[in-house]
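Trainee: So here's data-v8.txt, just compact mmCIF, C-alpha atoms:
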```txt
# COMPACT_ATOMS: atom_id res chain seq x y z
CA MET A 3 79.13 -30.38 -86.87
CA VAL A 4 81.07 -31.58 -83.85
CA ALA A 5 81.20 -29.06 -81.01
CA ARG A 6 84.69 -28.72 -79.51
CA SER A 7 86.43 -26.45 -77.05
CA ASP A 8 90.03 -25.84 -78.16
CA SER A 9 91.11 -24.49 -74.81
CA VAL A 10 89.73 -27.48 -72.92
CA LEU A 11 91.34 -29.90 -75.34
CA ALA A 12 94.64 -28.07 -75.06
CA ASP A 13 94.55 -28.18 -71.25
CA ALA A 14 93.82 -31.90 -71.42
CA GLY A 15 96.66 -32.45 -73.84
CA VAL A 16 94.40 -33.92 -76.57
CA GLU A 17 95.99 -33.22 -79.92
CA GLY A 18 95.27 -35.15 -83.07
CA GLY A 19 93.53 -37.96 -81.22
CA SER A 20 96.19 -38.27 -78.49
CA HIS A 21 94.82 -38.71 -74.98
CA SER A 22 98.05 -38.15 -72.99
CA LEU A 23 97.84 -35.64 -70.15
CA SER A 24 99.74 -32.37 -70.37
CA PRO A 25 101.89 -31.30 -67.39
CA VAL A 26 99.21 -28.83 -66.31
CA ALA A 27 96.45 -31.46 -66.47
CA ALA A 28 98.62 -33.99 -64.62
CA GLN A 29 99.32 -31.46 -61.87
CA ARG A 30 95.60 -30.75 -61.54
CA LYS A 31 94.89 -34.46 -61.28
CA ARG A 32 97.45 -34.90 -58.50
CA ALA A 33 96.02 -31.90 -56.64
CA ALA A 34 92.50 -33.32 -56.94
CA LEU A 35 93.67 -36.65 -55.51
CA LEU A 36 95.29 -34.89 -52.56
CA PHE A 37 92.10 -32.96 -51.85
CA ILE A 38 89.90 -36.06 -51.83
CA LEU A 39 92.39 -38.22 -49.89
CA PRO A 40 91.03 -37.14 -46.45
CA LEU A 41 87.54 -38.00 -47.60
CA ILE A 42 88.65 -41.44 -48.76
CA VAL A 43 90.33 -42.09 -45.41
CA ALA A 44 87.22 -40.96 -43.50
CA LEU A 45 84.95 -43.17 -45.61
CA ALA A 46 87.27 -46.14 -45.13
CA ALA A 47 87.13 -45.65 -41.36
CA VAL A 48 83.39 -45.02 -41.11
CA ALA A 49 82.03 -47.38 -43.77
CA GLY A 50 84.86 -49.78 -44.50
CA TRP A 51 85.01 -51.47 -41.09
CA PRO A 52 81.24 -52.16 -40.76
CA LEU A 53 81.19 -53.46 -44.33
CA ALA A 54 84.12 -55.77 -43.66
CA ARG A 55 82.42 -57.09 -40.50
CA THR A 56 79.21 -57.71 -42.42
CA VAL A 57 81.04 -59.67 -45.12
CA TYR A 58 82.87 -61.65 -42.42
CA PHE A 59 79.66 -62.63 -40.61
CA ALA A 60 78.12 -63.69 -43.94
CA PHE A 61 80.52 -66.65 -43.90
CA THR A 62 79.74 -67.68 -40.32
CA ASP A 63 76.88 -69.26 -38.37
CA ALA A 64 76.59 -66.21 -36.11
CA THR A 65 73.40 -65.36 -34.24
CA LEU A 66 72.79 -62.53 -31.81
CA ALA A 67 73.41 -64.97 -28.96
CA THR A 68 76.56 -66.53 -30.43
CA ILE A 69 78.04 -63.60 -32.31
CA GLU A 70 81.31 -63.73 -30.32
CA THR A 71 81.77 -67.48 -30.82
CA ALA A 72 80.64 -67.73 -34.44
CA ARG A 73 82.20 -70.43 -36.58
CA PHE A 74 83.25 -70.20 -40.22
CA VAL A 75 80.81 -72.12 -42.44
CA GLY A 76 81.89 -71.02 -45.91
CA VAL A 77 79.18 -70.20 -48.46
CA VAL A 78 76.39 -72.04 -46.66
CA ASN A 79 74.46 -68.85 -45.98
CA PHE A 80 74.67 -67.78 -49.60
CA GLY A 81 73.48 -71.24 -50.66
CA TYR A 82 70.47 -70.80 -48.38
CA LEU A 83 69.64 -67.47 -50.05
CA LEU A 84 69.87 -68.97 -53.53
CA ARG A 85 67.40 -71.69 -52.49
CA ASP A 86 64.99 -69.37 -50.70
CA PRO A 87 62.06 -68.25 -52.91
CA VAL A 88 61.39 -65.36 -50.52
CA TRP A 89 64.86 -63.95 -51.26
CA TRP A 90 64.28 -64.16 -55.02
CA ARG A 91 60.91 -62.47 -54.60
CA ALA A 92 62.58 -59.71 -52.56
CA MET A 93 65.20 -59.27 -55.27
CA GLN A 94 62.49 -59.10 -57.93
CA ASN A 95 60.52 -56.55 -55.94
CA THR A 96 63.63 -54.42 -55.44
CA VAL A 97 64.60 -54.44 -59.12
CA VAL A 98 61.06 -53.67 -60.29
CA PHE A 99 60.73 -50.90 -57.72
CA ALA A 100 64.06 -49.35 -58.73
CA LEU A 101 63.53 -49.51 -62.49
CA VAL A 102 59.93 -48.29 -62.53
CA SER A 103 60.26 -45.57 -59.89
CA VAL A 104 63.54 -44.17 -61.22
CA GLY A 105 62.26 -44.30 -64.80
CA ILE A 106 59.14 -42.31 -63.93
CA GLU A 107 61.08 -39.89 -61.74
CA THR A 108 63.60 -39.23 -64.52
CA VAL A 109 60.92 -38.41 -67.09
CA LEU A 110 58.89 -36.26 -64.69
CA GLY A 111 62.01 -34.59 -63.30
CA LEU A 112 63.19 -33.71 -66.80
CA LEU A 113 59.80 -32.28 -67.80
CA ILE A 114 59.47 -30.22 -64.61
CA ALA A 115 63.08 -29.01 -64.86
CA LEU A 116 62.48 -27.83 -68.44
CA LEU A 117 59.38 -26.00 -67.26
CA LEU A 118 61.16 -24.35 -64.34
CA ASN A 119 64.06 -23.40 -66.60
CA SER A 120 61.76 -21.40 -68.87
CA GLU A 121 60.81 -17.78 -68.35
CA LEU A 122 57.95 -17.89 -65.83
CA ARG A 123 56.73 -15.13 -63.58
CA ALA A 124 56.35 -17.37 -60.53
CA ARG A 125 59.46 -19.42 -61.30
CA GLY A 126 61.07 -18.80 -57.90
CA LEU A 127 57.93 -19.78 -56.01
CA LEU A 128 57.48 -22.91 -58.10
CA ARG A 129 61.09 -23.95 -57.52
CA ALA A 130 60.62 -23.66 -53.77
CA ALA A 131 57.26 -25.47 -53.81
CA ILE A 132 58.56 -28.41 -55.86
CA LEU A 133 61.14 -29.19 -53.17
CA VAL A 134 58.59 -29.61 -50.37
CA PRO A 135 57.98 -33.38 -50.86
CA TRP A 136 61.72 -34.04 -50.96
CA ALA A 137 62.32 -31.99 -47.81
CA ILE A 138 59.86 -34.07 -45.76
CA PRO A 139 61.61 -36.97 -43.96
CA THR A 140 60.86 -40.32 -45.60
CA ILE A 141 59.40 -41.83 -42.42
CA VAL A 142 57.01 -38.90 -42.03
CA SER A 143 55.88 -38.89 -45.65
CA ALA A 144 55.46 -42.70 -45.64
CA GLN A 145 53.27 -42.53 -42.54
CA LEU A 146 51.19 -39.74 -44.08
CA TRP A 147 50.63 -41.76 -47.21
CA ARG A 148 49.83 -44.84 -45.13
CA TRP A 149 46.94 -42.93 -43.57
CA MET A 150 45.88 -41.59 -46.96
CA PHE A 151 45.87 -45.12 -48.43
CA ASN A 152 43.79 -46.56 -45.57
CA ASP A 153 40.76 -48.44 -46.91
CA LEU A 154 38.41 -47.20 -44.14
CA TYR A 155 39.21 -43.51 -43.64
CA GLY A 156 41.87 -42.75 -46.27
CA VAL A 157 41.48 -39.65 -48.41
CA ILE A 158 42.63 -41.48 -51.57
CA ASN A 159 39.59 -43.77 -51.54
CA ALA A 160 37.31 -40.88 -50.60
CA VAL A 161 38.44 -38.81 -53.60
CA LEU A 162 38.30 -41.71 -56.05
CA LEU A 163 34.84 -42.74 -54.81
CA ALA A 164 33.61 -39.15 -55.17
CA LEU A 165 34.93 -39.03 -58.74
CA GLY A 166 33.42 -42.41 -59.56
CA ALA A 167 36.82 -43.87 -60.46
CA ILE A 168 36.32 -46.88 -58.16
CA GLY A 169 33.16 -48.61 -56.97
CA ALA A 170 34.39 -49.65 -53.53
CA PRO A 171 37.24 -48.73 -51.16
CA LYS A 172 40.54 -50.47 -51.92
CA ALA A 173 43.20 -51.64 -49.48
CA TRP A 174 46.04 -50.08 -51.42
CA THR A 175 48.91 -51.29 -49.22
CA ALA A 176 47.38 -54.67 -48.32
CA ASP A 177 46.17 -55.84 -51.73
CA PRO A 178 48.94 -57.94 -53.35
CA ASN A 179 48.01 -56.51 -56.75
CA LEU A 180 48.19 -52.87 -55.62
CA ALA A 181 50.77 -52.73 -52.82
CA LEU A 182 53.93 -52.41 -54.93
CA ALA A 183 52.28 -49.85 -57.23
CA ALA A 184 51.25 -47.80 -54.19
CA VAL A 185 54.80 -47.86 -52.83
CA ILE A 186 56.19 -46.79 -56.21
CA ALA A 187 53.67 -43.92 -56.39
CA VAL A 188 54.78 -42.62 -53.00
CA ASP A 189 58.45 -42.85 -53.97
CA VAL A 190 57.78 -40.96 -57.21
CA TRP A 191 56.00 -38.20 -55.28
CA LYS A 192 58.80 -38.06 -52.75
CA THR A 193 61.89 -38.18 -54.98
CA THR A 194 60.92 -36.55 -58.28
CA PRO A 195 61.98 -33.14 -56.80
CA PHE A 196 65.49 -34.54 -56.30
CA MET A 197 65.75 -35.43 -59.98
CA THR A 198 64.26 -32.07 -60.91
CA LEU A 199 66.82 -30.21 -58.83
CA LEU A 200 69.83 -31.98 -60.36
CA ILE A 201 68.55 -31.69 -63.92
CA LEU A 202 67.63 -28.03 -63.42
CA ALA A 203 71.15 -27.32 -62.19
CA ALA A 204 72.52 -28.86 -65.40
CA LEU A 205 70.13 -26.84 -67.54
CA GLN A 206 71.23 -23.63 -65.85
CA MET A 207 74.83 -24.27 -66.93
CA LEU A 208 74.11 -24.69 -70.66
CA PRO A 209 75.63 -22.07 -73.00
CA ARG A 210 72.92 -19.72 -74.24
CA ASP A 211 74.70 -18.90 -77.50
CA LEU A 212 73.83 -22.35 -78.90
CA TYR A 213 70.13 -21.74 -78.31
CA GLU A 214 70.37 -18.25 -79.79
CA ALA A 215 72.01 -19.67 -82.91
CA ALA A 216 69.33 -22.37 -83.16
CA ARG A 217 66.59 -19.75 -82.81
CA VAL A 218 68.11 -17.58 -85.54
CA ASP A 219 68.38 -20.61 -87.83
CA GLY A 220 64.73 -21.50 -87.16
CA VAL A 221 65.46 -24.94 -85.68
CA HIS A 222 62.38 -26.64 -84.22
CA ALA A 223 62.20 -26.83 -80.41
CA LEU A 224 62.12 -30.65 -80.38
CA ARG A 225 65.20 -30.82 -82.58
CA VAL A 226 66.96 -28.35 -80.28
CA PHE A 227 66.13 -30.59 -77.31
CA TRP A 228 67.37 -33.80 -78.93
CA ARG A 229 70.49 -32.31 -80.56
CA ILE A 230 71.60 -29.72 -77.98
CA THR A 231 69.88 -29.96 -74.60
CA LEU A 232 69.83 -33.73 -74.04
CA PRO A 233 73.43 -34.43 -75.17
CA LEU A 234 74.78 -31.57 -73.04
CA ILE A 235 72.92 -32.54 -69.86
CA TRP A 236 73.43 -36.28 -70.41
CA PRO A 237 76.40 -36.62 -68.00
CA ALA A 238 74.51 -34.80 -65.22
CA LEU A 239 71.38 -36.81 -66.01
CA MET A 240 73.30 -40.08 -65.72
CA VAL A 241 74.77 -38.98 -62.38
CA ALA A 242 71.25 -38.25 -61.10
CA VAL A 243 69.96 -41.61 -62.35
CA ILE A 244 72.88 -43.50 -60.79
CA PHE A 245 72.30 -41.78 -57.44
CA ARG A 246 68.60 -42.67 -57.57
CA ILE A 247 69.22 -46.26 -58.67
CA LEU A 248 71.65 -46.71 -55.79
CA ASP A 249 69.13 -45.26 -53.35
CA ALA A 250 66.19 -47.23 -54.77
CA LEU A 251 67.99 -50.58 -54.67
CA ARG A 252 68.65 -50.21 -50.95
CA VAL A 253 65.14 -48.93 -50.13
CA PHE A 254 63.95 -49.90 -46.67
CA ASP A 255 62.08 -47.25 -44.67
CA LEU A 256 59.42 -46.44 -47.27
CA ILE A 257 58.48 -50.07 -47.87
CA TYR A 258 58.70 -51.08 -44.23
CA VAL A 259 56.44 -48.26 -43.02
CA LEU A 260 53.83 -48.80 -45.73
CA THR A 261 53.72 -52.60 -45.91
CA ALA A 262 56.00 -53.97 -43.13
CA ASN A 263 57.21 -57.51 -43.96
CA SER A 264 54.71 -58.24 -46.72
CA ARG A 265 56.23 -60.61 -49.28
CA GLU A 266 54.46 -58.76 -52.11
CA THR A 267 56.62 -55.68 -51.51
CA MET A 268 59.57 -56.95 -49.44
CA SER A 269 62.87 -55.50 -50.63
CA MET A 270 66.31 -56.99 -50.12
CA SER A 271 66.94 -54.55 -47.27
CA VAL A 272 63.70 -55.56 -45.54
CA TYR A 273 64.65 -59.23 -45.98
CA ALA A 274 68.08 -58.63 -44.42
CA ARG A 275 66.52 -56.71 -41.53
CA GLN A 276 64.02 -59.51 -40.88
CA TYR A 277 66.77 -62.11 -40.47
CA LEU A 278 69.06 -59.83 -38.48
CA ILE A 279 66.48 -58.44 -36.04
CA GLU A 280 63.42 -60.69 -35.94
CA PHE A 281 65.03 -64.08 -36.62
CA GLN A 282 68.32 -63.00 -34.93
CA ASP A 283 70.26 -64.90 -37.60
CA VAL A 284 73.29 -62.69 -38.16
CA GLY A 285 74.86 -65.06 -40.67
CA ILE A 286 72.01 -65.16 -43.17
CA GLY A 287 71.14 -61.51 -42.56
CA SER A 288 74.75 -60.50 -43.27
CA ALA A 289 74.78 -62.69 -46.37
CA ALA A 290 71.65 -60.91 -47.62
CA ALA A 291 73.24 -57.53 -46.92
CA THR A 292 76.42 -58.61 -48.73
CA MET A 293 74.42 -59.77 -51.73
CA LEU A 294 72.60 -56.44 -51.76
CA PHE A 295 75.91 -54.59 -51.74
CA ALA A 296 77.17 -56.74 -54.63
CA VAL A 297 74.01 -56.12 -56.69
CA ILE A 298 74.24 -52.36 -56.14
CA ALA A 299 77.95 -52.30 -57.02
CA ILE A 300 77.39 -54.25 -60.26
CA VAL A 301 74.40 -52.16 -61.35
CA VAL A 302 76.15 -48.85 -60.66
CA ALA A 303 79.33 -50.00 -62.44
CA VAL A 304 77.37 -51.09 -65.52
CA MET A 305 75.36 -47.85 -65.62
CA ALA A 306 78.46 -45.71 -65.17
CA THR A 307 80.15 -47.53 -68.07
CA VAL A 308 77.17 -47.58 -70.42
CA GLY A 309 76.21 -43.97 -69.72
CA ARG A 310 79.70 -42.52 -70.24
CA VAL A 311 79.88 -39.82 -72.92
CA ARG A 312 82.64 -37.62 -74.32
CA ILE A 313 82.38 -33.87 -74.76
CA ASP A 314 83.78 -34.04 -78.27
CA GLN A 315 80.94 -36.38 -79.35
CA VAL A 316 78.22 -33.79 -78.72
CA GLU A 317 76.78 -32.63 -82.01
CA ALA A 318 75.26 -29.27 -82.76
CA PRO A 319 72.29 -28.97 -85.13
```
Represent the supplied structure as structure tokens.

Mentor:
Amino acid sequence: MVARSDSVLADAGVEGGSHSLSPVAAQRKRAALLFILPLIVALAAVAGWPLARTVYFAFTDATLATIETARFVGVVNFGYLLRDPVWWRAMQNTVVFALVSVGIETVLGLLIALLLNSELRARGLLRAAILVPWAIPTIVSAQLWRWMFNDLYGVINAVLLALGAIGAPKAWTADPNLALAAVIAVDVWKTTPFMTLLILAALQMLPRDLYEAARVDGVHALRVFWRITLPLIWPALMVAVIFRILDALRVFDLIYVLTANSRETMSMSVYARQYLIEFQDVGIGSAAATMLFAVIAIVVAVMATVGRVRIDQVEAP
């Protein structure tokens, strides 16, 4: 059975498969555009100009010393990036970090949100406690975990040695085979509460009559989840995933604090920072930043298109 809302469809002007907007819906759309217009102007002023300057410098031979007299060199800087194995390794690290960390955070966030959405006595306390890792600034939490991962006095090695899980202390952030996994673990600990919060908000908005009907009909809990809960929270879940993917692809502070400029964990943002600040090559650094922006834009556009759902496609059990 396809779940529909006649009033919503009527307001949207959808009748018999027609997708034309009614006068009321068109008026609402124009009002929404007017409300967000100041925000668009502010974003264009604050973010548009620096982005345009970055793209401009990506096509020049600018350095910090010659930034005012930079010459146009075309796509030379981008050609350098495509030939640089360090750049490709940074791109690989970034993609792996984003996919693995966001995947784990989504699963854990969904499970925790389902738990917090149930009837628990200490539900309020648990909801407050789960937000603590997310509330800690990233620089602070990264430095804390850096101390905890230390191979000489870190508490992680101490606990694992006491449990007999490892035979000798491990350099978690220095070992090429462990560094990226350690960074991902810290990001999962830090950002899972964010996913939990967004998913929990979606769960709180679900209509209870559907669950009451499923309970009366004796529908199994797993079937209720797959046929009611997941389809209804899917749009909110995709928004949360897109936000996290965007944030994970541009990760800088967490990786830089834990592993600095290590090639085993270097992200595209760390690569761009190295050329801009340490090598003082504004041209190549700007090209790296431009490439990062392009990758993020493509990934978000693809995810937003693939993850799009329609209300009238949600099925009830």

Trainee: For the atom pair CA of Phe74 (chain A) and CA of Val272 (chain A), what is the interatomic distance in Å to one decimal place?

Mentor: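 About the pair CA of Phe74 (chain A) and CA of Val272 (chain A): they are 25.0 Å apart.
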
Trainee: Which polymer residues have any atom within 10 Å of an atom of Gln206 (chain A), counting all atoms listed in the file, with same-chain residues fewer than 6 positions away left out, as a list in words?

Mentor: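 Residues meeting the cut-off are Ala115, Asn119 and Ile235 of chain A.
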
Trainee: Hey, can you pull every residue with an atom no more than 10 Å from (52.6, -55.5, -51.8), using all atoms listed in the file, and send it as a ChimeraX atom specification?

Mentor: /A:95,174-185,257,260-268

Trainee: Compare A:Lys172, A:Arg210, A:His222, A:Arg246 by their minimum atom-to-atom distance to Lys192 (chain A), counting only C-alpha atoms, and give me the closest one.

Mentor: A:Arg246

Trainee: Using all atoms listed in the file, which of A:Trp136, A:Phe295, A:Trp149, A:Phe245 sits nearest Trp191 (chain A)?

Mentor: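 Among the listed residues, A:Trp136 lies closest to Trp191 (chain A).
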
Trainee: Rounded to one decimal in Å, what is the spacing between CA of Ala60 (chain A) and CA of Leu278 (chain A)?

Mentor: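 Between CA of Ala60 (chain A) and CA of Leu278 (chain A) the gap works out to 11.3 Å.
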
Trainee: Could you state the separation of CA of Tyr155 (chain A) and CA of Ile168 (chain A) in Å, given to one decimal place?

Mentor: 15.2 Å
